[in-house]
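Only one structure is covered here, and it is reproduced in the block below.
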Amino acid sequence: MAIELTFLGTGTSHGVPIIGCDCEVCRSTDRRDKRMRTSAVVSLDGHNVLIDATPELRIQCLQNDVRRVEACLITHTHADHIFGMDDLRRFNQIQGDSIDLYASAEHLVTLNKVFGYALAERAGDNPDVPHLVFNTIVPGDSFSLFGHEVKPLLLPHGHDNVTGYRIGRLAYCTDISGMPEAAAEELADLNVLVLGALRPKPHPKHLSIDQAIEVAKRIGAKRTYFVHVTHQVSHRECEKYLPNDIELAYDTLRIVVSE
């Protein structure tokens, strides 16, 4: 069964370039230094599963020719990960059906407050709002999407929680400040690990580049890709520093995760 991963965005909450900055990375002509907010599409045998809905979701989907979204996984409800959710209505219109959205109970509380109008049962026949079905997930309890097992993982984001996802031999763990041993055990035998790696300096809610390298070594995936990267990181310079089995992802990068 085929799994493909497209990185729609790989930047931090500010994006790169950031507003009003003239640093070397913000002025870079290297397209890999242009980073929209972090999000991805996982294609499971042709079925597209969106991971997070950033404020640039419309632009990301146009840039990557994403024409269908049949499910959505939410890692957490910070603005840079959910504020593009209204754009899912276009996929409802194209597909003529509601979209299943999966999130933890605590994150669904926020989604109900901010996007309660988008619940399919409330949206009714209105084509101008999203039609979403909210599904509660429990960390550690697997569920099935299009014939693939999805396992949600509880991970720390400073004092908050985020949800990481393992799908087959792919795992997606952004915006984390550490990797608990119980979660690390669930990530054995990966082909691809996607990991948040904010910047060189430590941060209370995110892994630094060096911390992310250490987590990647613990997990031991065949390939690790770093996302949620700030303007303090030059793609060209950072890749010289990274181990051979780790690289910075960049917007529009598409990879195949072999099973």
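Note on naming: chains are A, B, ... as they come in the structure tokens, residues start from 1 per chain, ligands start from 1 in the order shown.
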
Long-range neighbours of His78 of chain A as a PyMOL selection string, 12 Å cut-off, only C-alpha atoms, 6 positions minimum in chain: chain A and resi 12-13+37-38+52-55+84+107+110-111+114+157+160-162+175

For the selection you just gave me, I'd like the residues written to a file as a PDB file, in the first residue's frame, keeping N, CA and C atoms.
```pdb
ATOM      1  N   THR A  12       7.868  28.099  10.847  1.00  0.00           N
ATOM      2  CA  THR A  12       7.330  28.345  12.166  1.00  0.00           C
ATOM      3  C   THR A  12       6.093  29.233  12.084  1.00  0.00           C
ATOM      4  N   SER A  13       5.584  29.650  13.247  1.00  0.00           N
ATOM      5  CA  SER A  13       4.316  30.383  13.281  1.00  0.00           C
ATOM      6  C   SER A  13       4.394  31.731  12.573  1.00  0.00           C
ATOM      7  N   ARG A  37       3.626  28.254   6.863  1.00  0.00           N
ATOM      8  CA  ARG A  37       3.406  27.578   8.129  1.00  0.00           C
ATOM      9  C   ARG A  37       3.278  26.067   7.933  1.00  0.00           C
ATOM     10  N   THR A  38       3.679  25.298   8.956  1.00  0.00           N
ATOM     11  CA  THR A  38       3.880  23.854   8.812  1.00  0.00           C
ATOM     12  C   THR A  38       2.578  23.080   8.659  1.00  0.00           C
ATOM     13  N   ASP A  52      -3.068  19.282   9.718  1.00  0.00           N
ATOM     14  CA  ASP A  52      -3.177  20.683  10.109  1.00  0.00           C
ATOM     15  C   ASP A  52      -3.607  21.566   8.928  1.00  0.00           C
ATOM     16  N   ALA A  53      -4.235  22.685   9.289  1.00  0.00           N
ATOM     17  CA  ALA A  53      -4.789  23.609   8.290  1.00  0.00           C
ATOM     18  C   ALA A  53      -4.253  24.999   8.591  1.00  0.00           C
ATOM     19  N   THR A  54      -3.159  25.368   7.944  1.00  0.00           N
ATOM     20  CA  THR A  54      -2.479  26.622   8.252  1.00  0.00           C
ATOM     21  C   THR A  54      -3.199  27.815   7.627  1.00  0.00           C
ATOM     22  N   PRO A  55      -2.847  29.045   8.061  1.00  0.00           N
ATOM     23  CA  PRO A  55      -3.456  30.224   7.446  1.00  0.00           C
ATOM     24  C   PRO A  55      -3.225  30.316   5.938  1.00  0.00           C
ATOM     25  N   GLY A  84      -6.549  27.969   8.792  1.00  0.00           N
ATOM     26  CA  GLY A  84      -6.953  27.787   7.403  1.00  0.00           C
ATOM     27  C   GLY A  84      -8.114  26.834   7.240  1.00  0.00           C
ATOM     28  N   HIS A 107      -8.373  19.304  22.233  1.00  0.00           N
ATOM     29  CA  HIS A 107      -8.288  20.172  21.066  1.00  0.00           C
ATOM     30  C   HIS A 107      -9.649  20.362  20.414  1.00  0.00           C
ATOM     31  N   THR A 110     -11.493  23.471  21.751  1.00  0.00           N
ATOM     32  CA  THR A 110     -11.148  24.716  21.078  1.00  0.00           C
ATOM     33  C   THR A 110     -11.765  24.787  19.687  1.00  0.00           C
ATOM     34  N   LEU A 111     -11.703  23.694  18.950  1.00  0.00           N
ATOM     35  CA  LEU A 111     -12.261  23.692  17.595  1.00  0.00           C
ATOM     36  C   LEU A 111     -13.755  23.948  17.609  1.00  0.00           C
ATOM     37  N   VAL A 114     -14.116  27.761  18.058  1.00  0.00           N
ATOM     38  CA  VAL A 114     -13.671  28.599  16.945  1.00  0.00           C
ATOM     39  C   VAL A 114     -14.364  28.235  15.634  1.00  0.00           C
ATOM     40  N   HIS A 157       4.355  19.888  24.360  1.00  0.00           N
ATOM     41  CA  HIS A 157       4.640  21.151  23.670  1.00  0.00           C
ATOM     42  C   HIS A 157       4.779  22.207  24.766  1.00  0.00           C
ATOM     43  N   ASP A 160       1.856  22.407  27.253  1.00  0.00           N
ATOM     44  CA  ASP A 160       0.685  21.968  26.497  1.00  0.00           C
ATOM     45  C   ASP A 160       0.924  20.575  25.914  1.00  0.00           C
ATOM     46  N   ASN A 161      -0.116  20.044  25.283  1.00  0.00           N
ATOM     47  CA  ASN A 161      -0.020  18.745  24.610  1.00  0.00           C
ATOM     48  C   ASN A 161      -0.251  18.910  23.110  1.00  0.00           C
ATOM     49  N   VAL A 162       0.454  18.130  22.337  1.00  0.00           N
ATOM     50  CA  VAL A 162       0.175  18.002  20.914  1.00  0.00           C
ATOM     51  C   VAL A 162       0.000  16.520  20.600  1.00  0.00           C
ATOM     52  N   ASP A 175       6.121  20.512  16.523  1.00  0.00           N
ATOM     53  CA  ASP A 175       5.860  21.379  17.684  1.00  0.00           C
ATOM     54  C   ASP A 175       6.025  20.649  19.014  1.00  0.00           C
TER      55      ASP A 175
END
```

Give me, as CSV, the closest atom pair and its distance (Å, one decimal) for every residue of segment 218-245 of chain A within a cut-off of 7 Å of segment 187-211 of chain A, counting only C-alpha atoms, rows sorted by chain and rising number.
```
residue,atom,partner,partner_atom,distance
A:Ile219,CA,A:Ala188,CA,6.4
A:Ala221,CA,A:Leu190,CA,4.7
A:Lys222,CA,A:Asn191,CA,4.8
A:Arg223,CA,A:Val192,CA,4.9
A:Thr224,CA,A:Leu193,CA,4.6
A:Tyr225,CA,A:Val194,CA,4.9
A:Phe226,CA,A:Leu195,CA,5.0
A:Val227,CA,A:Gly196,CA,4.8
A:His228,CA,A:Gly196,CA,5.3
A:Val229,CA,A:Leu198,CA,4.6
A:Thr230,CA,A:Leu198,CA,5.8
A:Gln232,CA,A:Arg199,CA,6.2
A:Val233,CA,A:Arg199,CA,6.3
```

Might you pull out every residue within 12 Å of Asp65 of chain A, with only C-alpha atoms counted and same-chain residues fewer than 2 positions away left off, and present them as a PyMOL selection string? chain A and resi 6+8+41+48+57-63+67-69+252

Restrict the selected residues to C-alpha atoms and save them as a JSON list (two decimals), in the first residue's frame.
```json
[["chain", "number", "residue", "atom", "x", "y", "z"],
["A", 6, "THR", "CA", 3.87, 16.31, 0.52],
["A", 8, "LEU", "CA", 2.82, 21.99, 2.15],
["A", 41, "VAL", "CA", -0.73, 16.05, 2.95],
["A", 48, "ASN", "CA", -5.54, 12.69, 0.69],
["A", 57, "LEU", "CA", -3.88, 26.51, 3.25],
["A", 58, "ARG", "CA", -5.49, 27.92, 0.11],
["A", 59, "ILE", "CA", -2.12, 29.00, -1.30],
["A", 60, "GLN", "CA", -0.48, 25.72, -0.29],
["A", 61, "CYS", "CA", -3.14, 23.67, -2.05],
["A", 62, "LEU", "CA", -2.88, 25.75, -5.21],
["A", 63, "GLN", "CA", 0.91, 25.52, -5.17],
["A", 67, "ARG", "CA", -7.65, 18.88, -5.42],
["A", 68, "ARG", "CA", -9.06, 16.56, -2.79],
["A", 69, "VAL", "CA", -8.92, 16.38, 1.02],
["A", 252, "THR", "CA", 6.58, 21.42, -1.95]]
```

Measuring between only C-alpha atoms, which one of A:Leu132, A:Ala183, A:Cys72, A:Cys23 shows the shortest distance to Lys151 of chain A?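 The shortest atom-to-atom distance to Lys151 of chain A comes from A:Ala183.
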
Mind the document's chain letters and residue numbers, and return as a compact mmCIF listing (two decimals) with N, CA and C atoms, in the first residue's frame the residues of segment 65-217 of chain A that DSSP labels strand (DSSP E or B).
```
# COMPACT_ATOMS: atom_id res chain seq x y z
N ALA A 71 -9.80 13.64 4.59
CA ALA A 71 -9.75 13.57 6.06
C ALA A 71 -8.73 14.59 6.52
N CYS A 72 -8.82 14.97 7.81
CA CYS A 72 -7.91 15.95 8.36
C CYS A 72 -7.49 15.53 9.76
N LEU A 73 -6.19 15.53 10.02
CA LEU A 73 -5.64 15.23 11.34
C LEU A 73 -5.11 16.54 11.94
N ILE A 99 -16.17 16.09 5.51
CA ILE A 99 -14.79 15.66 5.73
C ILE A 99 -14.64 15.27 7.19
N ASP A 100 -14.08 14.09 7.44
CA ASP A 100 -13.81 13.66 8.80
C ASP A 100 -12.56 14.35 9.33
N LEU A 101 -12.70 14.96 10.49
CA LEU A 101 -11.59 15.61 11.16
C LEU A 101 -11.31 14.90 12.47
N TYR A 102 -10.04 14.66 12.76
CA TYR A 102 -9.64 13.89 13.94
C TYR A 102 -8.76 14.75 14.84
N ALA A 103 -9.12 14.79 16.13
CA ALA A 103 -8.34 15.55 17.10
C ALA A 103 -8.62 15.00 18.48
N SER A 104 -7.74 15.33 19.43
CA SER A 104 -7.94 14.90 20.81
C SER A 104 -9.11 15.65 21.43
N LEU A 119 -19.30 22.38 11.78
CA LEU A 119 -19.81 21.02 11.98
C LEU A 119 -20.88 20.72 10.95
N LEU A 132 -17.75 19.57 8.34
CA LEU A 132 -16.78 18.70 8.99
C LEU A 132 -17.47 17.81 10.01
N VAL A 133 -16.95 16.60 10.14
CA VAL A 133 -17.40 15.68 11.18
C VAL A 133 -16.26 15.53 12.16
N PHE A 134 -16.45 15.99 13.41
CA PHE A 134 -15.40 15.93 14.41
C PHE A 134 -15.35 14.55 15.04
N ASN A 135 -14.18 13.94 15.03
CA ASN A 135 -13.96 12.63 15.62
C ASN A 135 -12.93 12.74 16.75
N THR A 136 -13.27 12.23 17.92
CA THR A 136 -12.37 12.28 19.07
C THR A 136 -11.39 11.12 19.02
N ILE A 137 -10.12 11.43 19.13
CA ILE A 137 -9.10 10.39 19.17
C ILE A 137 -8.52 10.30 20.57
N PHE A 143 -6.74 3.95 14.97
CA PHE A 143 -7.96 3.92 14.16
C PHE A 143 -7.55 3.75 12.71
N SER A 144 -8.50 3.48 11.86
CA SER A 144 -8.20 3.16 10.46
C SER A 144 -8.62 4.31 9.54
N LEU A 145 -7.75 4.62 8.59
CA LEU A 145 -8.07 5.58 7.54
C LEU A 145 -7.70 4.96 6.20
N HIS A 148 -5.40 2.04 6.28
CA HIS A 148 -4.12 2.20 6.97
C HIS A 148 -4.36 2.46 8.45
N GLU A 149 -3.53 1.87 9.29
CA GLU A 149 -3.62 2.11 10.72
C GLU A 149 -2.98 3.44 11.08
N VAL A 150 -3.70 4.25 11.83
CA VAL A 150 -3.19 5.53 12.32
C VAL A 150 -3.14 5.45 13.84
N LYS A 151 -1.97 5.72 14.41
CA LYS A 151 -1.82 5.71 15.87
C LYS A 151 -1.48 7.11 16.35
N PRO A 152 -2.38 7.74 17.13
CA PRO A 152 -2.06 9.05 17.72
C PRO A 152 -1.18 8.90 18.95
N LEU A 153 -0.27 9.86 19.13
CA LEU A 153 0.68 9.83 20.24
C LEU A 153 0.59 11.13 21.02
N LEU A 154 0.58 11.05 22.33
CA LEU A 154 0.56 12.22 23.19
C LEU A 154 1.99 12.72 23.39
N LEU A 155 2.24 13.98 23.00
CA LEU A 155 3.58 14.54 23.05
C LEU A 155 3.54 15.92 23.71
N PRO A 156 4.65 16.32 24.37
CA PRO A 156 4.66 17.61 25.06
C PRO A 156 5.02 18.77 24.13
N HIS A 157 4.35 19.89 24.36
CA HIS A 157 4.64 21.15 23.67
C HIS A 157 4.78 22.21 24.77
N ASP A 160 1.86 22.41 27.25
CA ASP A 160 0.69 21.97 26.50
C ASP A 160 0.92 20.58 25.91
N ASN A 161 -0.12 20.04 25.28
CA ASN A 161 -0.02 18.74 24.61
C ASN A 161 -0.25 18.91 23.11
N VAL A 162 0.45 18.13 22.34
CA VAL A 162 0.17 18.00 20.91
C VAL A 162 0.00 16.52 20.60
N THR A 163 -0.58 16.26 19.45
CA THR A 163 -0.76 14.89 18.99
C THR A 163 0.19 14.61 17.84
N GLY A 164 1.01 13.61 18.00
CA GLY A 164 1.79 13.10 16.88
C GLY A 164 1.03 11.95 16.25
N TYR A 165 1.36 11.64 15.01
CA TYR A 165 0.65 10.57 14.31
C TYR A 165 1.65 9.60 13.66
N ARG A 166 1.42 8.33 13.89
CA ARG A 166 2.14 7.29 13.15
C ARG A 166 1.17 6.66 12.16
N ILE A 167 1.57 6.64 10.90
CA ILE A 167 0.78 6.01 9.84
C ILE A 167 1.69 5.02 9.13
N LEU A 170 5.51 5.77 8.67
CA LEU A 170 5.70 7.22 8.69
C LEU A 170 5.21 7.76 10.02
N ALA A 171 5.94 8.70 10.61
CA ALA A 171 5.47 9.39 11.81
C ALA A 171 5.66 10.89 11.63
N TYR A 172 4.69 11.65 12.13
CA TYR A 172 4.68 13.11 11.99
C TYR A 172 4.54 13.71 13.37
N CYS A 173 5.60 14.38 13.85
CA CYS A 173 5.64 14.90 15.22
C CYS A 173 6.19 16.32 15.21
N VAL A 192 10.28 6.85 7.75
CA VAL A 192 10.35 8.31 7.71
C VAL A 192 9.80 8.88 9.01
N LEU A 193 10.57 9.79 9.62
CA LEU A 193 10.14 10.55 10.78
C LEU A 193 10.17 12.03 10.42
N VAL A 194 9.05 12.71 10.66
CA VAL A 194 8.98 14.16 10.50
C VAL A 194 8.98 14.76 11.89
N LEU A 195 9.89 15.70 12.12
CA LEU A 195 10.13 16.18 13.48
C LEU A 195 10.30 17.69 13.48
N GLY A 196 9.63 18.36 14.43
CA GLY A 196 9.82 19.79 14.58
C GLY A 196 11.21 20.11 15.10
```

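Here the alpha helix (DSSP H) residues in segment 21-72 of chain A, by DSSP on the backbone, are Leu57, Arg58, Ile59, Gln60, Cys61, Leu62 and Gln63 of chain A.
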
My list of candidates is A:Arg254, A:Arg218, A:Arg32, A:Arg89. Which is closest to Glu186 of chain A when distances are computed with only C-alpha atoms? A:Arg218
